[in-house]
$ cat upload-v3.tsv   # TSV, C-alpha atoms
chain	number	residue	atom	x	y	z
A	1	LEU	CA	226.27	14.39	173.31
A	2	ASN	CA	227.40	11.06	171.90
A	3	THR	CA	231.18	10.60	172.26
A	4	ALA	CA	231.36	7.25	170.40
A	5	GLY	CA	234.71	6.68	168.75
A	6	LEU	CA	236.42	9.81	170.07
A	7	THR	CA	239.86	9.84	171.65
A	8	MET	CA	240.35	11.09	175.19
A	9	ASP	CA	241.39	14.53	173.96
A	10	GLU	CA	238.52	14.70	171.47
A	11	THR	CA	236.01	13.64	174.12
A	12	GLU	CA	237.24	16.35	176.45
A	13	ARG	CA	236.98	18.92	173.64
A	14	ALA	CA	233.53	17.73	172.58
A	15	PHE	CA	232.22	17.79	176.16
A	16	ARG	CA	233.48	21.32	176.72
A	17	ASN	CA	231.95	22.44	173.42
A	18	ALA	CA	228.67	20.76	174.30
A	19	LEU	CA	228.48	22.47	177.68
A	20	GLU	CA	229.20	25.80	176.03
A	21	ALA	CA	226.31	25.12	173.62
A	22	GLY	CA	223.96	24.29	176.50
A	23	ILE	CA	224.04	20.50	176.11
A	24	ASN	CA	224.51	18.87	179.53
A	25	HIS	CA	223.65	15.21	178.81
A	26	VAL	CA	226.66	13.16	177.70
A	27	GLU	CA	226.59	9.46	176.77
A	28	PHE	CA	229.96	7.71	176.72
A	29	HIS	CA	231.71	4.34	176.74
A	30	PRO	CA	233.97	3.17	179.58
A	31	GLY	CA	237.64	3.73	178.78
A	32	VAL	CA	239.09	6.70	176.91
A	33	GLU	CA	235.74	8.42	176.38
A	34	ARG	CA	234.93	8.23	180.09
A	35	ASP	CA	238.45	9.42	180.88
A	36	GLY	CA	237.96	12.48	178.67
A	37	ILE	CA	234.76	13.32	180.55
A	38	ALA	CA	236.62	12.86	183.84
A	39	ARG	CA	239.25	15.40	182.81
A	40	VAL	CA	236.57	18.06	182.45
A	41	LEU	CA	234.93	17.17	185.77
A	42	ARG	CA	238.27	17.15	187.56
A	43	ASN	CA	239.72	20.35	186.09
A	44	ASP	CA	236.71	22.65	185.81
A	45	LYS	CA	235.53	23.57	189.29
A	46	ASN	CA	232.73	25.76	187.90
A	47	ILE	CA	230.79	22.70	186.71
A	48	HIS	CA	228.23	21.49	189.23
A	49	ARG	CA	227.58	17.75	189.20
A	50	ASN	CA	223.83	18.19	189.63
A	51	SER	CA	223.69	20.21	186.40
A	52	LEU	CA	224.93	17.23	184.36
A	53	PHE	CA	223.36	13.99	183.13
A	54	LEU	CA	226.02	11.30	182.79
A	55	THR	CA	225.14	8.11	180.90
A	56	THR	CA	227.41	5.11	180.50
A	57	LYS	CA	227.12	1.46	179.46
A	58	VAL	CA	228.05	-1.97	180.73
A	59	GLU	CA	229.12	-4.74	178.37
A	60	THR	CA	227.73	-8.27	178.51
A	61	ASN	CA	230.94	-9.59	176.87
A	62	TRP	CA	228.82	-12.11	174.99
A	63	GLU	CA	231.80	-12.95	172.75
A	64	ASN	CA	233.43	-14.71	175.74
A	65	ASN	CA	230.29	-16.69	176.63
A	66	PRO	CA	230.31	-15.78	180.35
A	67	SER	CA	228.12	-17.53	182.89
A	68	PRO	CA	225.28	-15.44	184.38
A	69	THR	CA	227.15	-15.22	187.70
A	70	THR	CA	230.35	-14.02	186.02
A	71	ALA	CA	228.41	-11.52	183.91
A	72	ALA	CA	226.65	-10.11	186.96
A	73	ASP	CA	230.04	-9.26	188.46
A	74	TYR	CA	230.76	-7.06	185.43
A	75	VAL	CA	228.14	-4.58	186.59
A	76	ARG	CA	229.61	-3.78	189.99
A	77	LYS	CA	233.22	-3.90	188.76
A	78	GLN	CA	232.49	-1.57	185.85
A	79	LEU	CA	230.53	0.85	187.98
A	80	ASP	CA	233.21	0.84	190.69
A	81	ARG	CA	235.78	1.83	188.08
A	82	ASP	CA	233.58	4.42	186.37
A	83	LEU	CA	232.65	6.22	189.59
A	84	SER	CA	236.25	6.22	190.77
A	85	VAL	CA	237.58	7.71	187.53
A	86	LEU	CA	234.75	10.23	187.19
A	87	GLY	CA	235.06	11.31	190.82
A	88	THR	CA	231.34	11.09	191.45
A	89	ASP	CA	229.05	9.03	193.68
A	90	TYR	CA	226.57	8.14	190.93
A	91	VAL	CA	225.79	8.12	187.23
A	92	ASP	CA	222.45	9.34	185.99
A	93	MET	CA	221.87	6.38	183.69
A	94	LEU	CA	223.48	2.97	183.25
A	95	MET	CA	222.58	1.12	180.05
A	96	LEU	CA	223.00	-2.62	179.51
A	97	ARG	CA	224.18	-3.98	176.20
A	98	GLU	CA	222.48	-6.99	174.65
A	99	SER	CA	223.47	-10.68	174.81
A	100	PRO	CA	222.19	-13.81	173.05
A	101	ASP	CA	222.06	-15.47	176.50
A	102	CYS	CA	218.77	-14.50	178.14
A	103	ALA	CA	219.95	-15.65	181.58
A	104	VAL	CA	222.97	-13.33	181.35
A	105	VAL	CA	220.75	-10.36	180.52
A	106	GLN	CA	218.33	-11.11	183.36
A	107	THR	CA	221.07	-11.64	185.94
A	108	MET	CA	222.94	-8.48	184.97
A	109	TRP	CA	219.73	-6.47	185.05
A	110	LYS	CA	218.99	-7.70	188.55
A	111	GLU	CA	222.42	-6.44	189.62
A	112	MET	CA	221.72	-3.10	187.96
A	113	GLU	CA	218.45	-2.83	189.87
A	114	ARG	CA	220.43	-3.37	193.07
A	115	GLU	CA	222.84	-0.58	192.12
A	116	LYS	CA	219.88	1.74	191.58
A	117	GLU	CA	218.48	0.86	194.98
A	118	GLU	CA	221.85	1.72	196.51
A	119	GLY	CA	221.83	5.14	194.80
A	120	ARG	CA	224.89	4.62	192.60
A	121	VAL	CA	222.67	4.75	189.50
A	122	ARG	CA	219.67	7.03	189.04
A	123	SER	CA	218.02	5.29	186.05
A	124	LEU	CA	218.45	2.20	183.87
A	125	GLY	CA	218.34	1.61	180.12
A	126	VAL	CA	219.28	-0.88	177.43
A	127	VAL	CA	221.32	-0.67	174.22
A	128	ASN	CA	220.34	-2.21	170.87
A	129	TYR	CA	217.56	-4.45	172.20
A	130	CYS	CA	215.46	-6.06	169.49
A	131	GLU	CA	211.94	-7.26	170.32
A	132	GLY	CA	213.17	-10.70	171.37
A	133	ALA	CA	215.77	-9.24	173.73
A	134	LEU	CA	213.20	-6.92	175.28
A	135	LYS	CA	210.81	-9.84	175.84
A	136	CYS	CA	213.60	-11.73	177.63
A	137	LEU	CA	214.36	-8.79	179.91
A	138	LEU	CA	210.75	-7.86	180.60
A	139	SER	CA	209.86	-11.40	181.63
A	140	THR	CA	211.69	-10.69	184.91
A	141	ALA	CA	212.36	-6.93	185.01
A	142	VAL	CA	208.66	-6.06	184.89
A	143	ARG	CA	208.43	-7.31	188.47
A	144	LYS	CA	210.74	-4.56	189.63
A	145	GLU	CA	211.98	-2.00	187.11
A	146	LYS	CA	211.63	-1.73	183.36
A	147	PRO	CA	214.23	0.08	181.24
A	148	SER	CA	213.64	3.80	180.92
A	149	VAL	CA	214.99	3.81	177.36
A	150	ASN	CA	216.09	1.54	174.53
A	151	TYR	CA	219.08	3.07	172.75
A	152	ILE	CA	218.71	2.17	169.07
A	153	GLN	CA	219.58	3.51	165.65
A	154	LEU	CA	217.05	5.81	163.98
A	155	HIS	CA	217.46	7.95	160.89
A	156	VAL	CA	215.55	9.19	157.87
A	157	GLY	CA	214.66	6.30	155.55
A	158	MET	CA	213.94	3.84	158.37
A	159	GLY	CA	210.43	5.12	158.97
A	160	PRO	CA	209.20	6.50	162.29
A	161	THR	CA	208.22	3.17	163.89
A	162	SER	CA	210.30	0.00	163.71
A	163	ALA	CA	209.20	-3.24	165.38
A	164	ALA	CA	211.73	-2.76	168.18
A	165	ARG	CA	210.56	0.80	168.79
A	166	ALA	CA	206.87	-0.05	168.65
A	167	PHE	CA	207.24	-2.99	171.03
A	168	GLY	CA	209.36	-1.03	173.50
A	169	GLU	CA	207.12	2.02	173.53
A	170	SER	CA	204.04	-0.17	173.98
A	171	HIS	CA	205.65	-1.26	177.27
A	172	GLY	CA	206.54	2.26	178.39
A	173	ILE	CA	210.17	2.14	177.21
A	174	ARG	CA	211.14	5.37	175.48
A	175	THR	CA	213.26	5.37	172.33
A	176	PHE	CA	216.68	6.99	172.70
A	177	ALA	CA	218.08	7.33	169.18
A	178	TYR	CA	221.62	7.41	167.85
A	179	GLY	CA	222.84	7.64	164.26
A	180	HIS	CA	220.44	10.28	162.93
A	181	LEU	CA	222.92	10.74	160.08
A	182	GLY	CA	223.60	7.02	159.66
A	183	GLU	CA	226.47	4.81	160.78
A	184	ARG	CA	228.50	4.14	157.62
A	185	ALA	CA	228.60	0.51	158.80
A	186	ARG	CA	228.25	-1.09	155.38
A	187	PRO	CA	227.59	-0.05	151.78
A	188	PRO	CA	225.80	1.85	150.48
A	189	ASP	CA	226.98	4.78	152.62
A	190	ASP	CA	223.84	5.78	154.54
A	191	THR	CA	225.31	9.12	155.66
A	192	ASP	CA	226.05	10.21	152.09
A	193	LEU	CA	222.55	9.13	151.03
A	194	ILE	CA	220.96	11.18	153.81
A	195	LEU	CA	223.07	14.27	153.18
A	196	GLY	CA	222.38	14.08	149.45
A	197	ASN	CA	218.66	13.34	149.68
A	198	PRO	CA	216.79	15.87	147.47
A	199	THR	CA	213.70	15.92	149.70
A	200	LEU	CA	215.76	16.77	152.78
A	201	ARG	CA	217.77	19.35	150.85
A	202	ARG	CA	214.61	21.08	149.65
A	203	ILE	CA	213.07	21.12	153.13
A	204	ALA	CA	216.33	22.39	154.62
A	205	LEU	CA	216.43	25.23	152.11
A	206	ASP	CA	212.82	26.17	152.91
A	207	HIS	CA	213.75	26.56	156.59
A	208	SER	CA	217.22	28.07	156.03
A	209	LYS	CA	218.65	25.00	157.75
A	210	THR	CA	221.10	22.26	156.84
A	211	VAL	CA	220.22	18.68	155.98
A	212	GLU	CA	221.87	17.68	159.28
A	213	ASP	CA	219.40	19.98	161.08
A	214	VAL	CA	216.41	18.47	159.28
A	215	ALA	CA	217.53	14.89	159.94
A	216	LEU	CA	217.89	15.58	163.67
A	217	ARG	CA	214.63	17.52	163.89
A	218	TRP	CA	212.76	14.61	162.25
A	219	VAL	CA	214.03	12.19	164.91
A	220	LEU	CA	213.05	14.51	167.75
A	221	GLN	CA	209.69	15.40	166.28
A	222	SER	CA	208.90	11.70	165.86
A	223	GLY	CA	208.93	11.50	169.65
A	224	ALA	CA	212.37	9.98	170.25
A	225	ALA	CA	215.17	11.41	172.36
A	226	ALA	CA	218.40	11.86	170.40
A	227	SER	CA	222.10	11.39	171.04
A	228	ILE	CA	224.18	13.62	168.77
A	229	ARG	CA	227.73	13.35	167.52
A	230	PRO	CA	229.82	16.51	167.10
A	231	THR	CA	229.98	16.19	163.30
A	232	ALA	CA	228.94	13.91	160.42
A	233	GLU	CA	232.52	12.66	160.20
A	234	PHE	CA	231.87	9.25	161.71
A	235	ILE	CA	232.61	5.84	160.26
A	236	LEU	CA	232.03	2.50	162.00
A	237	GLY	CA	233.28	3.26	165.48
A	238	ARG	CA	235.52	6.25	164.79
A	239	GLY	CA	234.35	9.80	165.40
A	240	VAL	CA	236.05	13.16	164.97
A	241	CYS	CA	236.03	16.33	167.07
A	242	THR	CA	238.28	18.95	165.50
A	243	ASP	CA	237.44	22.62	165.89
A	244	PRO	CA	235.94	24.70	164.49
A	245	ARG	CA	233.67	22.02	162.93
A	246	CYS	CA	233.15	20.22	166.25
A	247	ASN	CA	232.11	23.39	168.05
A	248	GLU	CA	229.96	24.59	165.16
A	249	GLY	CA	228.23	21.21	164.81
A	250	LEU	CA	227.25	21.04	168.46
A	251	LYS	CA	226.01	24.63	168.48
A	252	ALA	CA	223.82	23.88	165.45
A	253	SER	CA	222.41	20.73	167.09
A	254	SER	CA	221.61	22.65	170.27
A	255	GLN	CA	219.13	24.76	168.28
A	256	ALA	CA	217.00	21.73	167.32
A	257	PHE	CA	214.16	22.63	169.70
A	258	ARG	CA	213.83	26.18	168.41
A	259	TRP	CA	212.08	25.30	165.15
A	260	GLN	CA	209.71	22.67	163.73
A	261	LEU	CA	208.95	20.73	160.58
A	262	THR	CA	205.41	21.09	159.29
A	263	TYR	CA	202.94	18.22	159.45
A	264	ALA	CA	203.23	17.78	155.67
A	265	GLU	CA	207.03	17.76	155.84
A	266	MET	CA	207.01	15.14	158.60
A	267	LYS	CA	204.73	12.91	156.55
A	268	GLU	CA	206.91	13.36	153.48
A	269	ILE	CA	210.03	12.36	155.42
A	270	ASP	CA	208.19	9.50	157.16
A	271	ALA	CA	207.49	8.02	153.72
A	272	LEU	CA	211.16	7.91	152.66
A	273	THR	CA	212.47	4.34	152.39
A	274	SER	CA	216.16	5.01	151.73
A	275	PRO	CA	218.59	4.58	153.32
A	276	ASN	CA	216.95	1.83	155.35
A	277	SER	CA	218.75	0.07	158.18
A	278	ASN	CA	218.30	-2.17	161.19
A	279	PRO	CA	217.60	-0.22	164.41
A	280	THR	CA	219.48	-2.88	166.39
A	281	LEU	CA	222.26	-3.38	163.82
A	282	PHE	CA	224.93	-3.53	166.53
A	283	SER	CA	223.21	-6.14	168.69
A	284	SER	CA	224.76	-9.54	169.42
A	285	PRO	CA	223.96	-12.51	167.15
A	286	GLY	CA	220.91	-13.02	169.39
A	287	CYS	CA	219.03	-10.38	167.37
A	288	PRO	CA	218.19	-11.19	163.73
A	289	ASP	CA	220.05	-9.32	160.97
A	290	SER	CA	222.50	-7.72	163.38
A	291	PHE	CA	225.98	-6.84	162.17
A	292	PHE	CA	227.51	-9.67	164.20
A	293	ALA	CA	224.85	-12.22	163.24
A	294	LYS	CA	225.62	-11.61	159.58
A	295	LYS	CA	229.36	-11.88	160.18
A	296	ARG	CA	228.83	-15.38	161.59
A	297	ARG	CA	227.03	-16.61	158.48
$ encode --input "upload-v3.tsv" --output "structure tokens"
Amino acid sequence: LNTAGLTMDETERAFRNALEAGINHVEFHPGVERDGIARVLRNDKNIHRNSLFLTTKVETNWENNPSPTTAADYVRKQLDRDLSVLGTDYVDMLMLRESPDCAVVQTMWKEMEREKEEGRVRSLGVVNYCEGALKCLLSTAVRKEKPSVNYIQLHVGMGPTSAARAFGESHGIRTFAYGHLGERARPPDDTDLILGNPTLRRIALDHSKTVEDVALRWVLQSGAAASIRPTAEFILGRGVCTDPRCNEGLKASSQAFRWQLTYAEMKEIDALTSPNSNPTLFSSPGCPDSFFAKKRR
């Protein structure tokens, strides 16, 4: 479950719906999304912590140009707050956002490795790391612990293997994908293009599925893990979880492992070139063609 852009109430609703659908991995931001997760953990005594996989992120705050020492402090402070609010002793995964300052990334990662050694984090990942950012991190992290995953955008039209994905996977870093229906970050609207794609609509009809189902199945069958939003109603940082659509959307997504695309269908979808996008679109200006790099031009 991806709670990006949901309010506290919507996050709580989405998490409950996800658990009901059999989805027990939730990925959230610190703040209102985390607080919505905490409500469920605090109020539902039938939920066992060891049955859940909780994933959160830590910001590098690159916009404020912090020193490596200052940035390293963000890790412990953020984790202290997250664990306190969630009422748990650990999170299952902590993911580090990207920064144009290589020293900041390396210093923060070292602190994250320390947190893992102390048992407050079970695994480590990164968010929106382009090839250059991964090279920076791996130049020191490879001595101790590499990221388990790189959390990047992946949807139909981008092809199954971007440079960032290929480089990461060649170093044993698995791709964790978000945005299988697009991000609606800039025109043309990638979500509308995906939902209206005639190839996907035909394949969906052949399987008695929806285009949303086909788009998600393609990501999974390409070998990536996937983070799913409750519905397709998402636009640049704002999600929606209103029942019954929220509940229905999560139930449909939970069935993704119960069917398959054929080899021919996978190849046909692999060949689609629209809508194309940057897998690390939401990186800092340190990654080429990111949203923020283009805003600076």
$ closest_atom_pairs --input "upload-v3.tsv" --of "segment 131-156 of chain A" --to "segment 87-102 of chain A" --cutoff "10 Å" --atoms "all atoms listed in the file" --output "CSV"
residue,atom,partner,partner_atom,distance
A:Gly132,CA,A:Cys102,CA,9.6
A:Ala133,CA,A:Glu98,CA,7.1
A:Leu134,CA,A:Glu98,CA,9.3
A:Lys135,CA,A:Cys102,CA,9.5
A:Cys136,CA,A:Cys102,CA,5.9
A:Leu137,CA,A:Cys102,CA,7.4
A:Pro147,CA,A:Met95,CA,8.5
A:Ser148,CA,A:Met93,CA,9.1
A:Val149,CA,A:Met95,CA,8.5
A:Asn150,CA,A:Met95,CA,8.5
A:Tyr151,CA,A:Met95,CA,8.3
$ closest_residue --input "upload-v3.tsv" --among "A:Asn64, A:Gln106, A:Asn50, A:Ser253" --to "Thr210 of chain A" --atoms "all atoms listed in the file"
A:Ser253
$ closest_residue --input "upload-v3.tsv" --among "A:Arg114, A:His171, A:Arg120, A:Arg42" --to "Lys144 of chain A" --atoms "all atoms listed in the file"
A:Arg114
$ closest_residue --input "upload-v3.tsv" --among "A:Ile23, A:Leu41, A:Leu6, A:Cys130" --to "Pro285 of chain A" --atoms "all atoms listed in the file"
A:Cys130
$ closest_residue --input "upload-v3.tsv" --among "A:Ile194, A:Leu52, A:Val214, A:Val240" --to "Glu10 of chain A" --atoms "only C-alpha atoms"
A:Val240
$ closest_residue --input "upload-v3.tsv" --among "A:Pro30, A:Gly223, A:Gly196, A:Gly125" --to "Ser84 of chain A" --atoms "all atoms listed in the file"
A:Pro30
$ atom_distance --input "upload-v3.tsv" --atom1 "atom CA of Arg165 of chain A" --atom2 "atom CA of His25 of chain A"
21.9 Å
$ closest_residue --input "upload-v3.tsv" --among "A:Arg81, A:Arg229, A:Lys110, A:Arg238" --to "Leu138 of chain A" --atoms "only C-alpha atoms"
A:Lys110
$ atom_distance --input "upload-v3.tsv" --atom1 "atom CA of Gly237 of chain A" --atom2 "atom CA of Ala185 of chain A"
8.6 Å
$ decode --input "upload-v3.tsv" --residues "segment 190-211 of chain A" --atoms "N, CA and C atoms" --output "compact mmCIF listing (two decimals), in the first residue's frame"
# COMPACT_ATOMS: atom_id res chain seq x y z
N ASP A 190 -0.12 11.26 -18.07
CA ASP A 190 0.29 9.87 -18.29
C ASP A 190 -0.77 8.87 -17.83
N THR A 191 -1.50 9.20 -16.76
CA THR A 191 -2.54 8.28 -16.28
C THR A 191 -3.64 8.12 -17.30
N ASP A 192 -4.10 9.21 -17.88
CA ASP A 192 -5.14 9.14 -18.91
C ASP A 192 -4.65 8.35 -20.12
N LEU A 193 -3.39 8.54 -20.49
CA LEU A 193 -2.84 7.82 -21.64
C LEU A 193 -2.78 6.32 -21.37
N ILE A 194 -2.42 5.94 -20.16
CA ILE A 194 -2.38 4.52 -19.81
C ILE A 194 -3.78 3.92 -19.80
N LEU A 195 -4.70 4.60 -19.14
CA LEU A 195 -6.06 4.06 -19.03
C LEU A 195 -6.77 4.00 -20.37
N GLY A 196 -6.36 4.86 -21.31
CA GLY A 196 -7.00 4.87 -22.62
C GLY A 196 -6.24 4.10 -23.69
N ASN A 197 -5.13 3.46 -23.32
CA ASN A 197 -4.31 2.77 -24.31
C ASN A 197 -5.06 1.59 -24.93
N PRO A 198 -5.21 1.56 -26.26
CA PRO A 198 -6.00 0.49 -26.89
C PRO A 198 -5.40 -0.90 -26.71
N THR A 199 -4.08 -0.99 -26.67
CA THR A 199 -3.45 -2.30 -26.46
C THR A 199 -3.80 -2.85 -25.08
N LEU A 200 -3.68 -2.00 -24.07
CA LEU A 200 -4.00 -2.43 -22.71
C LEU A 200 -5.48 -2.75 -22.57
N ARG A 201 -6.33 -1.97 -23.23
CA ARG A 201 -7.77 -2.21 -23.14
C ARG A 201 -8.14 -3.55 -23.78
N ARG A 202 -7.50 -3.86 -24.90
CA ARG A 202 -7.77 -5.14 -25.56
C ARG A 202 -7.30 -6.31 -24.69
N ILE A 203 -6.11 -6.20 -24.14
CA ILE A 203 -5.58 -7.27 -23.30
C ILE A 203 -6.43 -7.43 -22.04
N ALA A 204 -6.87 -6.31 -21.47
CA ALA A 204 -7.73 -6.37 -20.29
C ALA A 204 -9.02 -7.11 -20.60
N LEU A 205 -9.60 -6.81 -21.74
CA LEU A 205 -10.86 -7.46 -22.14
C LEU A 205 -10.65 -8.96 -22.32
N ASP A 206 -9.52 -9.34 -22.90
CA ASP A 206 -9.24 -10.77 -23.12
C ASP A 206 -9.15 -11.54 -21.80
N HIS A 207 -8.74 -10.86 -20.74
CA HIS A 207 -8.59 -11.52 -19.44
C HIS A 207 -9.74 -11.21 -18.48
N SER A 208 -10.74 -10.48 -18.96
CA SER A 208 -11.84 -10.03 -18.08
C SER A 208 -11.30 -9.24 -16.89
N LYS A 209 -10.33 -8.38 -17.18
CA LYS A 209 -9.70 -7.52 -16.19
C LYS A 209 -9.86 -6.07 -16.58
N THR A 210 -9.41 -5.17 -15.72
CA THR A 210 -9.40 -3.75 -16.04
C THR A 210 -8.01 -3.35 -16.53
N VAL A 211 -7.92 -2.18 -17.14
CA VAL A 211 -6.62 -1.67 -17.56
C VAL A 211 -5.71 -1.48 -16.35
